[in-house]
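Shown here: query29.txt, compact mmCIF, N, CA and C atoms.
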# COMPACT_ATOMS: atom_id res chain seq x y z
N MET A 1 -5.45 18.86 4.28
CA MET A 1 -4.87 17.69 3.67
C MET A 1 -5.73 17.31 2.46
N THR A 2 -5.09 17.11 1.31
CA THR A 2 -5.83 16.70 0.12
C THR A 2 -5.36 15.33 -0.33
N GLY A 3 -6.24 14.59 -1.00
CA GLY A 3 -5.86 13.30 -1.55
C GLY A 3 -5.92 12.15 -0.57
N GLY A 4 -6.44 12.34 0.62
CA GLY A 4 -6.55 11.23 1.56
C GLY A 4 -5.38 11.15 2.53
N PRO A 5 -5.40 10.13 3.38
CA PRO A 5 -4.37 10.01 4.40
C PRO A 5 -3.01 9.63 3.82
N GLU A 6 -1.97 9.97 4.55
CA GLU A 6 -0.61 9.58 4.17
C GLU A 6 -0.43 8.10 4.48
N LEU A 7 0.08 7.33 3.52
CA LEU A 7 0.24 5.89 3.67
C LEU A 7 1.72 5.54 3.58
N ASN A 8 2.20 4.73 4.54
CA ASN A 8 3.61 4.37 4.57
C ASN A 8 3.80 2.90 4.91
N GLY A 9 4.80 2.28 4.30
CA GLY A 9 5.26 0.96 4.69
C GLY A 9 4.48 -0.22 4.16
N PHE A 10 3.52 -0.01 3.30
CA PHE A 10 2.74 -1.13 2.78
C PHE A 10 3.49 -1.81 1.64
N PRO A 11 3.60 -3.15 1.68
CA PRO A 11 4.29 -3.84 0.60
C PRO A 11 3.48 -3.77 -0.70
N PRO A 12 4.17 -3.87 -1.84
CA PRO A 12 3.45 -3.84 -3.11
C PRO A 12 2.52 -5.05 -3.23
N PRO A 13 1.42 -4.90 -3.96
CA PRO A 13 0.42 -5.98 -4.04
C PRO A 13 0.99 -7.30 -4.57
N GLU A 14 2.00 -7.25 -5.43
CA GLU A 14 2.55 -8.50 -5.96
C GLU A 14 3.23 -9.35 -4.88
N ARG A 15 3.59 -8.76 -3.75
CA ARG A 15 4.16 -9.52 -2.64
C ARG A 15 3.09 -10.15 -1.76
N LEU A 16 1.83 -9.79 -1.99
CA LEU A 16 0.72 -10.31 -1.18
C LEU A 16 -0.37 -10.89 -2.09
N PRO A 17 -0.08 -11.99 -2.76
CA PRO A 17 -1.07 -12.53 -3.71
C PRO A 17 -2.39 -12.92 -3.06
N ASP A 18 -2.41 -13.21 -1.76
CA ASP A 18 -3.66 -13.58 -1.09
C ASP A 18 -4.63 -12.40 -0.97
N LEU A 19 -4.13 -11.18 -1.16
CA LEU A 19 -5.01 -10.01 -1.08
C LEU A 19 -5.48 -9.55 -2.46
N ARG A 20 -5.19 -10.34 -3.48
CA ARG A 20 -5.56 -9.99 -4.86
C ARG A 20 -7.06 -9.75 -5.00
N TRP A 21 -7.87 -10.45 -4.22
CA TRP A 21 -9.32 -10.32 -4.31
C TRP A 21 -9.80 -8.92 -3.91
N LEU A 22 -8.97 -8.14 -3.22
CA LEU A 22 -9.34 -6.78 -2.84
C LEU A 22 -9.20 -5.80 -4.00
N GLY A 23 -8.59 -6.23 -5.07
CA GLY A 23 -8.40 -5.36 -6.23
C GLY A 23 -6.98 -4.86 -6.32
N PRO A 24 -6.71 -4.01 -7.31
CA PRO A 24 -5.34 -3.57 -7.56
C PRO A 24 -4.78 -2.64 -6.49
N ASP A 25 -5.65 -2.01 -5.69
CA ASP A 25 -5.18 -1.10 -4.65
C ASP A 25 -5.68 -1.58 -3.29
N TYR A 26 -5.08 -2.68 -2.81
CA TYR A 26 -5.53 -3.28 -1.54
C TYR A 26 -5.41 -2.31 -0.38
N VAL A 27 -4.43 -1.42 -0.42
CA VAL A 27 -4.23 -0.47 0.68
C VAL A 27 -5.42 0.47 0.80
N ALA A 28 -5.92 0.97 -0.32
CA ALA A 28 -7.07 1.87 -0.29
C ALA A 28 -8.29 1.18 0.32
N VAL A 29 -8.49 -0.09 -0.01
CA VAL A 29 -9.62 -0.84 0.54
C VAL A 29 -9.47 -0.99 2.05
N LEU A 30 -8.28 -1.36 2.50
CA LEU A 30 -8.05 -1.53 3.94
C LEU A 30 -8.22 -0.21 4.70
N VAL A 31 -7.68 0.87 4.15
CA VAL A 31 -7.78 2.17 4.82
C VAL A 31 -9.23 2.65 4.84
N TYR A 32 -9.96 2.41 3.77
CA TYR A 32 -11.38 2.78 3.74
C TYR A 32 -12.15 2.04 4.84
N ASP A 33 -11.94 0.73 4.94
CA ASP A 33 -12.62 -0.06 5.98
C ASP A 33 -12.24 0.41 7.37
N LEU A 34 -10.96 0.68 7.58
CA LEU A 34 -10.49 1.19 8.88
C LEU A 34 -11.17 2.52 9.21
N THR A 35 -11.20 3.41 8.23
CA THR A 35 -11.81 4.73 8.44
C THR A 35 -13.29 4.61 8.76
N GLN A 36 -14.00 3.75 8.04
CA GLN A 36 -15.43 3.58 8.31
C GLN A 36 -15.68 3.05 9.72
N GLY A 37 -14.85 2.12 10.17
CA GLY A 37 -14.97 1.61 11.53
C GLY A 37 -14.74 2.69 12.57
N LEU A 38 -13.73 3.53 12.34
CA LEU A 38 -13.46 4.62 13.27
C LEU A 38 -14.58 5.66 13.26
N LEU A 39 -15.13 5.94 12.09
CA LEU A 39 -16.23 6.89 12.00
C LEU A 39 -17.47 6.40 12.73
N ARG A 40 -17.71 5.10 12.74
CA ARG A 40 -18.85 4.56 13.51
C ARG A 40 -18.67 4.81 15.00
N GLN A 41 -17.42 4.78 15.47
CA GLN A 41 -17.14 5.01 16.88
C GLN A 41 -17.18 6.50 17.22
N ASP A 42 -16.68 7.34 16.30
CA ASP A 42 -16.61 8.78 16.53
C ASP A 42 -16.81 9.48 15.20
N PRO A 43 -18.03 10.01 14.95
CA PRO A 43 -18.33 10.62 13.66
C PRO A 43 -17.39 11.76 13.26
N GLY A 44 -16.67 12.35 14.17
CA GLY A 44 -15.75 13.44 13.85
C GLY A 44 -14.35 12.99 13.49
N THR A 45 -14.13 11.69 13.38
CA THR A 45 -12.80 11.15 13.11
C THR A 45 -12.29 11.58 11.75
N ARG A 46 -11.00 11.95 11.69
CA ARG A 46 -10.31 12.20 10.43
C ARG A 46 -8.99 11.45 10.48
N VAL A 47 -8.78 10.55 9.54
CA VAL A 47 -7.55 9.75 9.48
C VAL A 47 -6.51 10.56 8.71
N MET A 48 -5.40 10.85 9.36
CA MET A 48 -4.35 11.65 8.73
C MET A 48 -3.29 10.76 8.06
N GLY A 49 -3.11 9.54 8.57
CA GLY A 49 -2.12 8.66 7.99
C GLY A 49 -2.25 7.26 8.56
N VAL A 50 -1.76 6.30 7.79
CA VAL A 50 -1.75 4.90 8.22
C VAL A 50 -0.38 4.33 7.86
N ARG A 51 0.24 3.68 8.82
CA ARG A 51 1.57 3.11 8.59
C ARG A 51 1.54 1.62 8.86
N CYS A 52 2.10 0.85 7.94
CA CYS A 52 2.25 -0.58 8.12
C CYS A 52 3.66 -0.80 8.68
N GLU A 53 3.75 -1.26 9.91
CA GLU A 53 5.04 -1.37 10.58
C GLU A 53 5.68 -2.74 10.49
N GLY A 54 4.98 -3.70 9.93
CA GLY A 54 5.53 -5.04 9.81
C GLY A 54 4.95 -5.74 8.61
N GLU A 55 5.53 -6.86 8.27
CA GLU A 55 5.01 -7.65 7.16
C GLU A 55 3.63 -8.19 7.52
N PRO A 56 2.62 -7.96 6.69
CA PRO A 56 1.28 -8.47 7.00
C PRO A 56 1.28 -9.99 7.13
N GLU A 57 0.54 -10.49 8.12
CA GLU A 57 0.38 -11.92 8.31
C GLU A 57 -1.04 -12.29 7.88
N LEU A 58 -1.13 -13.17 6.92
CA LEU A 58 -2.43 -13.57 6.40
C LEU A 58 -2.80 -14.94 6.97
N HIS A 59 -3.99 -15.04 7.55
CA HIS A 59 -4.48 -16.27 8.13
C HIS A 59 -5.83 -16.60 7.49
N PRO A 60 -5.82 -17.26 6.33
CA PRO A 60 -7.09 -17.56 5.67
C PRO A 60 -7.95 -18.51 6.51
N THR A 61 -9.25 -18.26 6.49
CA THR A 61 -10.19 -19.10 7.21
C THR A 61 -11.39 -19.39 6.34
N VAL A 62 -12.19 -20.33 6.76
CA VAL A 62 -13.43 -20.67 6.06
C VAL A 62 -14.57 -20.51 7.05
N ASP A 63 -15.62 -19.80 6.62
CA ASP A 63 -16.76 -19.63 7.52
C ASP A 63 -17.65 -20.86 7.46
N PRO A 64 -18.65 -20.95 8.35
CA PRO A 64 -19.48 -22.15 8.41
C PRO A 64 -20.16 -22.53 7.09
N SER A 65 -20.38 -21.56 6.21
CA SER A 65 -21.03 -21.88 4.93
C SER A 65 -20.02 -22.38 3.89
N GLY A 66 -18.75 -22.43 4.25
CA GLY A 66 -17.72 -22.91 3.35
C GLY A 66 -17.07 -21.87 2.49
N VAL A 67 -17.35 -20.59 2.77
CA VAL A 67 -16.76 -19.49 1.99
C VAL A 67 -15.44 -19.07 2.62
Output the structure of this file as structure tokens.
Amino acid sequence: MTGGPELNGFPPPERLPDLRWLGPDYVAVLVYDLTQGLLRQDPGTRVMGVRCEGEPELHPTVDPSGV
């Protein structure tokens, strides 16, 4: 497989303005974070594809420092 995992079902970034802070390719950032988490659990992990099966639900929060 070349070019990374197969990605399906992710809405275009303009439909998710709250994810604008992730940059122009929010899907790549999310998949990278997911892959890194899986690699910490199993160093031999290879992600072949990621599918978004529903509309993302965003729940903004503020941490104790106010960020």
Contacts of segment 4-6 of chain A within 6 Å, all atoms listed in the file, excl. fewer than 4 positions in-chain, as a list in words
Val47, Met48, Gly49 and Val50 of chain A
Could you take the residues named above and write them with N, CA and C atoms, as a compact mmCIF listing (two decimals), in the coordinates of the input?
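Once written, out_20.txt looks like this:
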# COMPACT_ATOMS: atom_id res chain seq x y z
N VAL A 47 -8.78 10.55 9.54
CA VAL A 47 -7.55 9.75 9.48
C VAL A 47 -6.51 10.56 8.71
N MET A 48 -5.40 10.85 9.36
CA MET A 48 -4.35 11.65 8.73
C MET A 48 -3.29 10.76 8.06
N GLY A 49 -3.11 9.54 8.57
CA GLY A 49 -2.12 8.66 7.99
C GLY A 49 -2.25 7.26 8.56
N VAL A 50 -1.76 6.30 7.79
CA VAL A 50 -1.75 4.90 8.22
C VAL A 50 -0.38 4.33 7.86
Tell me, as an mmCIF file with N, CA and C atoms, in the coordinates of the input, which residues lie within 10 Å of Leu16 of chain A, counting only C-alpha atoms; anything in the same chain fewer than 5 positions away does not count.
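Result went into part-v1.cif, see below:
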data_model
loop_
_atom_site.group_PDB
_atom_site.id
_atom_site.type_symbol
_atom_site.label_atom_id
_atom_site.label_comp_id
_atom_site.auth_asym_id
_atom_site.auth_seq_id
_atom_site.Cartn_x
_atom_site.Cartn_y
_atom_site.Cartn_z
ATOM 1 N N PRO A 11 3.600 -3.150 1.680
ATOM 2 C CA PRO A 11 4.290 -3.840 0.600
ATOM 3 C C PRO A 11 3.480 -3.770 -0.700
ATOM 4 N N TYR A 26 -5.080 -2.680 -2.810
ATOM 5 C CA TYR A 26 -5.530 -3.280 -1.540
ATOM 6 C C TYR A 26 -5.410 -2.310 -0.380
ATOM 7 N N GLU A 55 5.530 -6.860 8.270
ATOM 8 C CA GLU A 55 5.010 -7.650 7.160
ATOM 9 C C GLU A 55 3.630 -8.190 7.520
ATOM 10 N N PRO A 56 2.620 -7.960 6.690
ATOM 11 C CA PRO A 56 1.280 -8.470 7.000
ATOM 12 C C PRO A 56 1.280 -9.990 7.130
ATOM 13 N N GLU A 57 0.540 -10.490 8.120
ATOM 14 C CA GLU A 57 0.380 -11.920 8.310
ATOM 15 C C GLU A 57 -1.040 -12.290 7.880
ATOM 16 N N LEU A 58 -1.130 -13.170 6.920
ATOM 17 C CA LEU A 58 -2.430 -13.570 6.400
ATOM 18 C C LEU A 58 -2.800 -14.940 6.970
#
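In this model, the gap between atom C of Gly23 of chain A and atom N of Leu39 of chain A comes to 22.8 Å.
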Atom CA of Pro17 of chain A and atom N of Gly3 of chain A are how many Å apart?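 Between atom CA of Pro17 of chain A and atom N of Gly3 of chain A the gap works out to 27.7 Å.
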One number please: atom CA of Tyr32 of chain A to atom CA of Pro60 of chain A, in Å, one decimal.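 Computing it gives 20.9 Å between the two atoms.
Comparing the minimum interatomic distances between Asp25 of chain A and each of A:Asp42, A:Gly37, A:Pro13, A:Arg51, counting only N, CA and C atoms, we find that A:Pro13 sits nearest.
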Write down as a short mmCIF file (atom, residue, chain, number, x, y, z; two decimals) with N, CA and C atoms, keeping the file's coordinate frame the residues belonging to segment 8-52 of chain A that are assigned strand (DSSP E or B) by DSSP computed on the backbone.
data_model
loop_
_atom_site.label_atom_id
_atom_site.label_comp_id
_atom_site.auth_asym_id
_atom_site.auth_seq_id
_atom_site.Cartn_x
_atom_site.Cartn_y
_atom_site.Cartn_z
N ASN A 8 2.20 4.73 4.54
CA ASN A 8 3.61 4.37 4.57
C ASN A 8 3.80 2.90 4.91
N GLY A 49 -3.11 9.54 8.57
CA GLY A 49 -2.12 8.66 7.99
C GLY A 49 -2.25 7.26 8.56
N VAL A 50 -1.76 6.30 7.79
CA VAL A 50 -1.75 4.90 8.22
C VAL A 50 -0.38 4.33 7.86
N ARG A 51 0.24 3.68 8.82
CA ARG A 51 1.57 3.11 8.59
C ARG A 51 1.54 1.62 8.86
#
>> DSSP on the backbone: which residues in chain A end up as helix (DSSP H, G or I)? Give the answer as a PyMOL selection string.
In response: chain A and resi 13-15+17-22+26-41
*asked:* Within 7 Å of (5.1, 1.6, 4.5) (file coordinates; only C-alpha atoms), which protein or nucleic acid residues are there? I'd like them as a list in words.
replied: Leu7, Asn8, Gly9, Phe10, Pro11, Arg51, Cys52 and Glu53 of chain A
